[in-house]
Structures are given as C-alpha cells and as structure tokens.
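Q: Attaching a single structure in structure tokens format; questions to follow.
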Amino acid sequence: MRVDVVSIFPEYLAPLELSLIGRARATGVLDVAVHDLRTWTHDVHRTVDDTPYGGGPGMVMRPEPWGEALDALAPPGAEPPPRLVVPTPVGAPFTQAMAHELAAESRLVFACGRYEGIDQRVLDHAATRMPVTEVSLGDYVLFGGEVAVLVIMEAVTRLLPGVLGNVDSLAEESHAHGLLEAPVYTKPPSWRGHEVPEILRSGDHGRIARWRRDQALLRTAARRPDMLAALAPGELDKKDVAT
Ligand SMILES: Nc1ccccc1-c1cnco1
C-alpha cells in the first residue's frame with residue numbers, strides 16, 4: 001500500500017517511522033511519504049490560510065495549495081486514483097469496518113486539515129476524480145488531522161497482510177466480532193489478593209471459550225449497548241441466551 005500524507009506539520013507524522021508501521025515500511029508492505037503543504041505555496045510567506053468568507057472566527061485553509069498538492073500526488077488521469085482520506089470533526093465515524101475498507105485500498109492520500117478546516121471546494125473538486133472519505137475519530141475537537149492520521153494508519157496497517165505475526169489475534173480482538181473483548185489475565189495466578197478466574201486455569205477450552213463469550217456479551221451490554229443492538233441477526237446464537 002502506498003500512503004501519502006499532506007500536512008503543515010509533517011514532523012507530527014514522525015511516529016509513522018516507529019514499531020509495526022516502521023517495520024511494514026522496511027519490509028515493503030507499506031510505502032509512506034509525508035509532504036509539507038507549504039511545498040505548494042508560492043508566496044514569500046508560504047501562506048496556507050486566509051479569513052473565512054461570511055465572517056466568523058479563525059482561518060480557513062486556502063484551496064490553491066491543496067489543489068496543487070493533490071494534482072502532484074494524484075495526477076489527473078492516473079489510474080486507479082487514490083482514496084483521499086480527510087480527518088474532520090464533520091466526518092463519518094471511524095470504525096473497524098472502515099479500517100478494513102481502507103486496508104483494501106492500494107493508495108491512500110491523507111489531507112491533514114488545521115484551523116477552521118479546508119476550503120470545501122478542495123473536497124468537492126477532488127471528488128470529481130477520486131473517492132473522498134471524510135472521517136471523524138469521535139465527538140471531540142483536535143487542533144488538526146495529524147493525530148487522527150496516526151490513529152487511522154495504525155488501525156489500517158495492522159490489517160495488512162504480513163504485518164501482524166499472529167493473525168489469530170485479529171479475529172479475537174474487540175470490535176472484530178462486534179463485541180468488546182473479554183478481560184485478559186496472565187501470571188501470577190494471585191496478585192495483591194486478586195485471583196485469576198479459576199476457569200481460565202482449568203484447561204477446559206470449551207468452557208473457557210464459553211466464559212469468554214459470556215464476558216464479552218456482559219461487557220458489551222454494560223458499556224456499549226449500541227454495539228449489542230447493532231449485531232447482525234444470527235450473531236447471537238441460542239447458546240448466548242441466558243438459560
Ligand atoms: N477536530 C479535528 C480537527 C481537524 C481535523 C480532524 C479533527 C477530528 C477528527 N476526529 C475528531 O476531530
């Protein structure tokens with residue numbers, strides 16, 4: 001997968017060099033390039049923002065630098081076009097399902113907005129020649145899209161073939177099967193008066209699987225009833241119904 005990130009703070013994306021993502025880049029699974037939006041400015045002050053039409057607080061990111069950046073990174077006519085991913089508070093919620101969708105793309109271009117946002121015409125024009133996904137990490141306000149890109153890149157990269165050693169963990173993790181994961185424990189069996197649930201030390205893998213499923217259901221019902229309600233029909237089998 002080829003990923004381009006455009007930001008006025010490219011150094012914010014330095015963590016993409018580390019750990020799993022760094023290894024994915026080193027092994028060729030992932031090719032990441034970070035670009036400074038000011039590369040595509042031409043004035044002496046390298047201006048990227050201006051006052052909003054219609055008044056109001058803050059500044060808006062000018063369309064011209066973004067237009068030239070996207071022309072350079074996704075030349076008109078180059079096939080297939082990349083998917084443009086724009087972290088924004090007004091985007092669709094970022095979910096594990098979306099992470100899987102993005103992981104299936106061959107090219108992604110991330111546009112990191114700052115200030116009050118990017119001139120809407122940038123997205124409107126981009127949408128005439130490439131898929132555009134506006135995505136929100138949640139209902140809170142950040143300074144810009146850079147940290148959102150780090151989150152999205154971690155969620156997407158770990159889904160790429162060859163990145164995670166143990167693919168089984170993908171199947172068992174929270175949100176992988178529509179439920180929150182059961183609690184986990186390791187040695188010692190007793191710690192500060194807290195014991196590991198006996199069943200996990202029983203060696204009875206059938207009962208352990210049942211216990212974990214029950215714990216996942218209980219946790220999800222308590223903390224994320226919305227996820228329980230969203231389970232596809234048939235996701236809950238008769239063994240899940242309290243007897
Ligand atoms: N608040 C923001 C400001 C700029 C770019 C993204 C965001 C964002 C993304 N998800 C939540 O907020």
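FYI, nothing fancy with the structure tokens labels: chains A, B, ... in order, residues from 1 per chain, ligands from 1 as they appear.
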Listing only residues of chain A within 12 Å of ligand 1, what is the closest atom pair and its distance in Å (to one decimal) for each, using only C-alpha atoms and all ligand atoms, sorted by chain and residue number ascending, as a tab-separated table?
A:
```
residue	atom	partner	partner_atom_place_in_ligand_line	distance
A:Ser7	CA	ligand 1	5 (C)	10.9
A:Val60	CA	ligand 1	4 (C)	11.5
A:Met61	CA	ligand 1	4 (C)	11.3
A:Val85	CA	ligand 1	6 (C)	10.9
A:Val86	CA	ligand 1	5 (C)	7.7
A:Pro87	CA	ligand 1	6 (C)	4.5
A:Thr88	CA	ligand 1	6 (C)	3.6
A:Pro89	CA	ligand 1	12 (O)	4.0
A:Val90	CA	ligand 1	8 (C)	7.7
A:Gly91	CA	ligand 1	10 (N)	7.4
A:Ala92	CA	ligand 1	10 (N)	9.1
A:Pro93	CA	ligand 1	10 (N)	8.1
A:Phe94	CA	ligand 1	10 (N)	8.3
A:Thr95	CA	ligand 1	10 (N)	11.8
A:Phe110	CA	ligand 1	5 (C)	11.0
A:Ala111	CA	ligand 1	5 (C)	9.1
A:Cys112	CA	ligand 1	5 (C)	6.5
A:Gly113	CA	ligand 1	5 (C)	5.2
A:Arg114	CA	ligand 1	4 (C)	5.4
A:Tyr115	CA	ligand 1	4 (C)	7.4
A:Glu116	CA	ligand 1	4 (C)	7.7
A:Gly117	CA	ligand 1	4 (C)	6.6
A:Ile118	CA	ligand 1	4 (C)	9.2
A:Glu134	CA	ligand 1	9 (C)	9.0
A:Val135	CA	ligand 1	9 (C)	6.6
A:Ser136	CA	ligand 1	10 (N)	3.6
A:Leu137	CA	ligand 1	10 (N)	3.8
A:Gly138	CA	ligand 1	11 (C)	4.8
A:Asp139	CA	ligand 1	11 (C)	5.9
A:Tyr140	CA	ligand 1	11 (C)	5.4
A:Val141	CA	ligand 1	1 (N)	3.6
A:Leu142	CA	ligand 1	1 (N)	3.7
A:Phe143	CA	ligand 1	3 (C)	5.2
A:Gly144	CA	ligand 1	4 (C)	3.5
A:Gly145	CA	ligand 1	5 (C)	3.6
A:Glu146	CA	ligand 1	5 (C)	7.3
A:Val147	CA	ligand 1	6 (C)	8.2
A:Ala148	CA	ligand 1	9 (C)	5.8
A:Val149	CA	ligand 1	6 (C)	8.8
A:Leu150	CA	ligand 1	9 (C)	11.2
A:Val151	CA	ligand 1	10 (N)	10.1
A:Ile152	CA	ligand 1	9 (C)	10.3
```
Q: Filtering to N, CA and C atoms, could you give me those residues as a short mmCIF file (atom, residue, chain, number, x, y, z; two decimals), in the first residue's frame?
A:
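As written to disk, selection_39.cif reads:
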```cif
data_model
loop_
_atom_site.label_atom_id
_atom_site.label_comp_id
_atom_site.auth_asym_id
_atom_site.auth_seq_id
_atom_site.Cartn_x
_atom_site.Cartn_y
_atom_site.Cartn_z
N SER A 7 0.53 17.70 5.21
CA SER A 7 0.32 18.41 6.47
C SER A 7 1.17 19.67 6.51
N VAL A 60 -9.33 29.76 7.43
CA VAL A 60 -9.66 28.59 6.59
C VAL A 60 -8.45 28.28 5.70
N MET A 61 -8.20 27.01 5.46
CA MET A 61 -7.07 26.64 4.61
C MET A 61 -7.42 26.94 3.15
N VAL A 85 -8.43 10.62 2.04
CA VAL A 85 -8.99 10.47 3.39
C VAL A 85 -8.75 11.77 4.15
N VAL A 86 -9.85 12.38 4.61
CA VAL A 86 -9.74 13.69 5.29
C VAL A 86 -10.27 13.57 6.71
N PRO A 87 -9.40 13.49 7.71
CA PRO A 87 -9.89 13.52 9.09
C PRO A 87 -10.56 14.87 9.36
N THR A 88 -11.75 14.84 9.92
CA THR A 88 -12.51 16.06 10.18
C THR A 88 -13.58 15.77 11.22
N PRO A 89 -13.90 16.78 12.04
CA PRO A 89 -14.95 16.56 13.04
C PRO A 89 -16.32 16.34 12.42
N VAL A 90 -16.46 16.67 11.12
CA VAL A 90 -17.77 16.50 10.48
C VAL A 90 -17.82 15.23 9.63
N GLY A 91 -16.86 14.34 9.85
CA GLY A 91 -16.79 13.12 9.03
C GLY A 91 -17.61 11.98 9.58
N ALA A 92 -17.63 10.91 8.82
CA ALA A 92 -18.29 9.67 9.26
C ALA A 92 -17.44 9.04 10.37
N PRO A 93 -18.09 8.38 11.34
CA PRO A 93 -17.30 7.77 12.43
C PRO A 93 -16.30 6.74 11.91
N PHE A 94 -15.08 6.82 12.40
CA PHE A 94 -14.07 5.84 12.02
C PHE A 94 -14.35 4.57 12.82
N THR A 95 -14.47 3.45 12.11
CA THR A 95 -14.79 2.17 12.77
C THR A 95 -13.82 1.10 12.26
N PHE A 110 -3.79 11.19 2.62
CA PHE A 110 -4.41 11.82 3.78
C PHE A 110 -4.20 13.33 3.72
N ALA A 111 -5.26 14.09 3.87
CA ALA A 111 -5.18 15.55 3.93
C ALA A 111 -5.41 15.98 5.38
N CYS A 112 -4.38 16.54 5.99
CA CYS A 112 -4.49 16.98 7.39
C CYS A 112 -4.93 18.45 7.42
N GLY A 113 -6.16 18.64 7.86
CA GLY A 113 -6.67 20.00 7.97
C GLY A 113 -6.27 20.62 9.30
N ARG A 114 -6.16 21.95 9.30
CA ARG A 114 -5.90 22.70 10.53
C ARG A 114 -6.86 23.88 10.54
N TYR A 115 -6.70 24.75 11.57
CA TYR A 115 -7.52 25.96 11.66
C TYR A 115 -9.01 25.57 11.70
N GLU A 116 -9.85 26.31 10.96
CA GLU A 116 -11.28 26.00 10.93
C GLU A 116 -11.61 24.96 9.88
N GLY A 117 -10.60 24.52 9.16
CA GLY A 117 -10.85 23.49 8.15
C GLY A 117 -10.30 23.88 6.80
N ILE A 118 -10.53 23.01 5.83
CA ILE A 118 -10.07 23.18 4.46
C ILE A 118 -11.24 23.73 3.63
N GLU A 134 -14.43 11.50 4.29
CA GLU A 134 -14.27 12.38 5.46
C GLU A 134 -14.56 11.55 6.70
N VAL A 135 -13.61 11.53 7.63
CA VAL A 135 -13.74 10.62 8.76
C VAL A 135 -13.46 11.32 10.08
N SER A 136 -14.31 11.00 11.07
CA SER A 136 -14.14 11.54 12.41
C SER A 136 -13.73 10.43 13.38
N LEU A 137 -12.82 10.75 14.29
CA LEU A 137 -12.42 9.77 15.31
C LEU A 137 -13.40 9.78 16.48
N GLY A 138 -14.16 10.83 16.58
CA GLY A 138 -15.08 10.90 17.72
C GLY A 138 -15.54 12.32 17.94
N ASP A 139 -16.46 12.48 18.88
CA ASP A 139 -17.09 13.80 19.08
C ASP A 139 -16.26 14.63 20.04
N TYR A 140 -15.10 15.03 19.54
CA TYR A 140 -14.25 15.94 20.32
C TYR A 140 -13.43 16.74 19.32
N VAL A 141 -12.80 17.79 19.78
CA VAL A 141 -12.11 18.70 18.87
C VAL A 141 -10.60 18.62 19.04
N LEU A 142 -9.92 18.41 17.92
CA LEU A 142 -8.45 18.38 17.92
C LEU A 142 -7.92 19.65 17.27
N PHE A 143 -6.61 19.86 17.36
CA PHE A 143 -6.02 21.01 16.67
C PHE A 143 -5.98 20.78 15.16
N GLY A 144 -5.86 19.48 14.79
CA GLY A 144 -5.72 19.19 13.36
C GLY A 144 -5.85 17.71 13.10
N GLY A 145 -5.70 17.34 11.84
CA GLY A 145 -5.93 15.96 11.45
C GLY A 145 -4.74 15.02 11.66
N GLU A 146 -3.59 15.57 12.05
CA GLU A 146 -2.37 14.74 12.09
C GLU A 146 -2.49 13.55 13.05
N VAL A 147 -2.96 13.81 14.27
CA VAL A 147 -3.03 12.69 15.22
C VAL A 147 -4.08 11.67 14.77
N ALA A 148 -5.12 12.18 14.08
CA ALA A 148 -6.13 11.27 13.55
C ALA A 148 -5.51 10.35 12.49
N VAL A 149 -4.60 10.90 11.68
CA VAL A 149 -3.93 10.08 10.67
C VAL A 149 -3.10 8.99 11.35
N LEU A 150 -2.45 9.32 12.45
CA LEU A 150 -1.65 8.31 13.17
C LEU A 150 -2.54 7.18 13.66
N VAL A 151 -3.71 7.53 14.19
CA VAL A 151 -4.65 6.51 14.67
C VAL A 151 -5.14 5.65 13.51
N ILE A 152 -5.57 6.30 12.44
CA ILE A 152 -6.11 5.57 11.29
C ILE A 152 -5.02 4.68 10.68
#
```
Q: Quick one: pick out all alpha helix (DSSP H) residues within segment 91-154 of chain A from a backbone DSSP run and write them as a ChimeraX atom specification.
A: /A:96-103,120-126,146-154
Q: So, counting only C-alpha atoms, which residue among A:Leu37, A:Ala24, A:Leu218, A:Leu16 is closest to Leu179 of chain A?
A: A:Leu218
Q: Let me make sure I understand: among A:Ala33, A:Val196, A:Ala209, A:Ala104, which one has the smallest atom-to-atom distance to Pro161 of chain A if we use only C-alpha atoms?
A: A:Ala104
Q: Smallest atom-to-atom distance to Val132 of chain A: which of A:Gly56, A:Pro188, A:Gly165, A:Pro82, using only C-alpha atoms?
A: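 Ranking A:Gly56, A:Pro188, A:Gly165, A:Pro82 by distance to Val132 of chain A, first place goes to A:Pro82.
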Q: Can you tell me which residues surround Arg2 of chain A at a distance of at most 9 Å, considering only C-alpha atoms, apart from same-chain residues fewer than 4 positions away, and format the answer as a count of residues only?
A: 11
Q: Need the shell around segment 38-46 of chain A: protein/DNA/RNA residues with any atom at most 12 Å away, counting only C-alpha atoms. Skip same-chain ones fewer than 5 positions apart. Format as a list of chain:residue names?
A: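 That gives A:Val6, A:Ser7, A:Ile8, A:Phe9, A:Pro10, A:Met61, A:Arg62, A:Pro63, A:Glu64, A:Pro65, A:Trp66, A:Gly67, A:Glu68, A:Ala69, A:Leu70, A:Asp71, A:Ala72, A:Leu73.
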Q: Can you list, as a list in words, every protein, DNA or RNA residue that comes within 10 Å of Arg129 of chain A when you count only C-alpha atoms, leaving out same-chain residues fewer than 3 positions away?
A: Ala74, Pro75, Pro76, Gly77, Ala78, Pro81, Pro82, Arg83, Asp124, His125, Ala126 and Val132 of chain A
Q: Compile the contact shell of Thr186 of chain A as a ChimeraX atom specification: residues with an atom at most 12 Å away, counting only C-alpha atoms, same-chain residues fewer than 2 positions apart removed.
A: /A:183-184,188-191,194-197,200-201
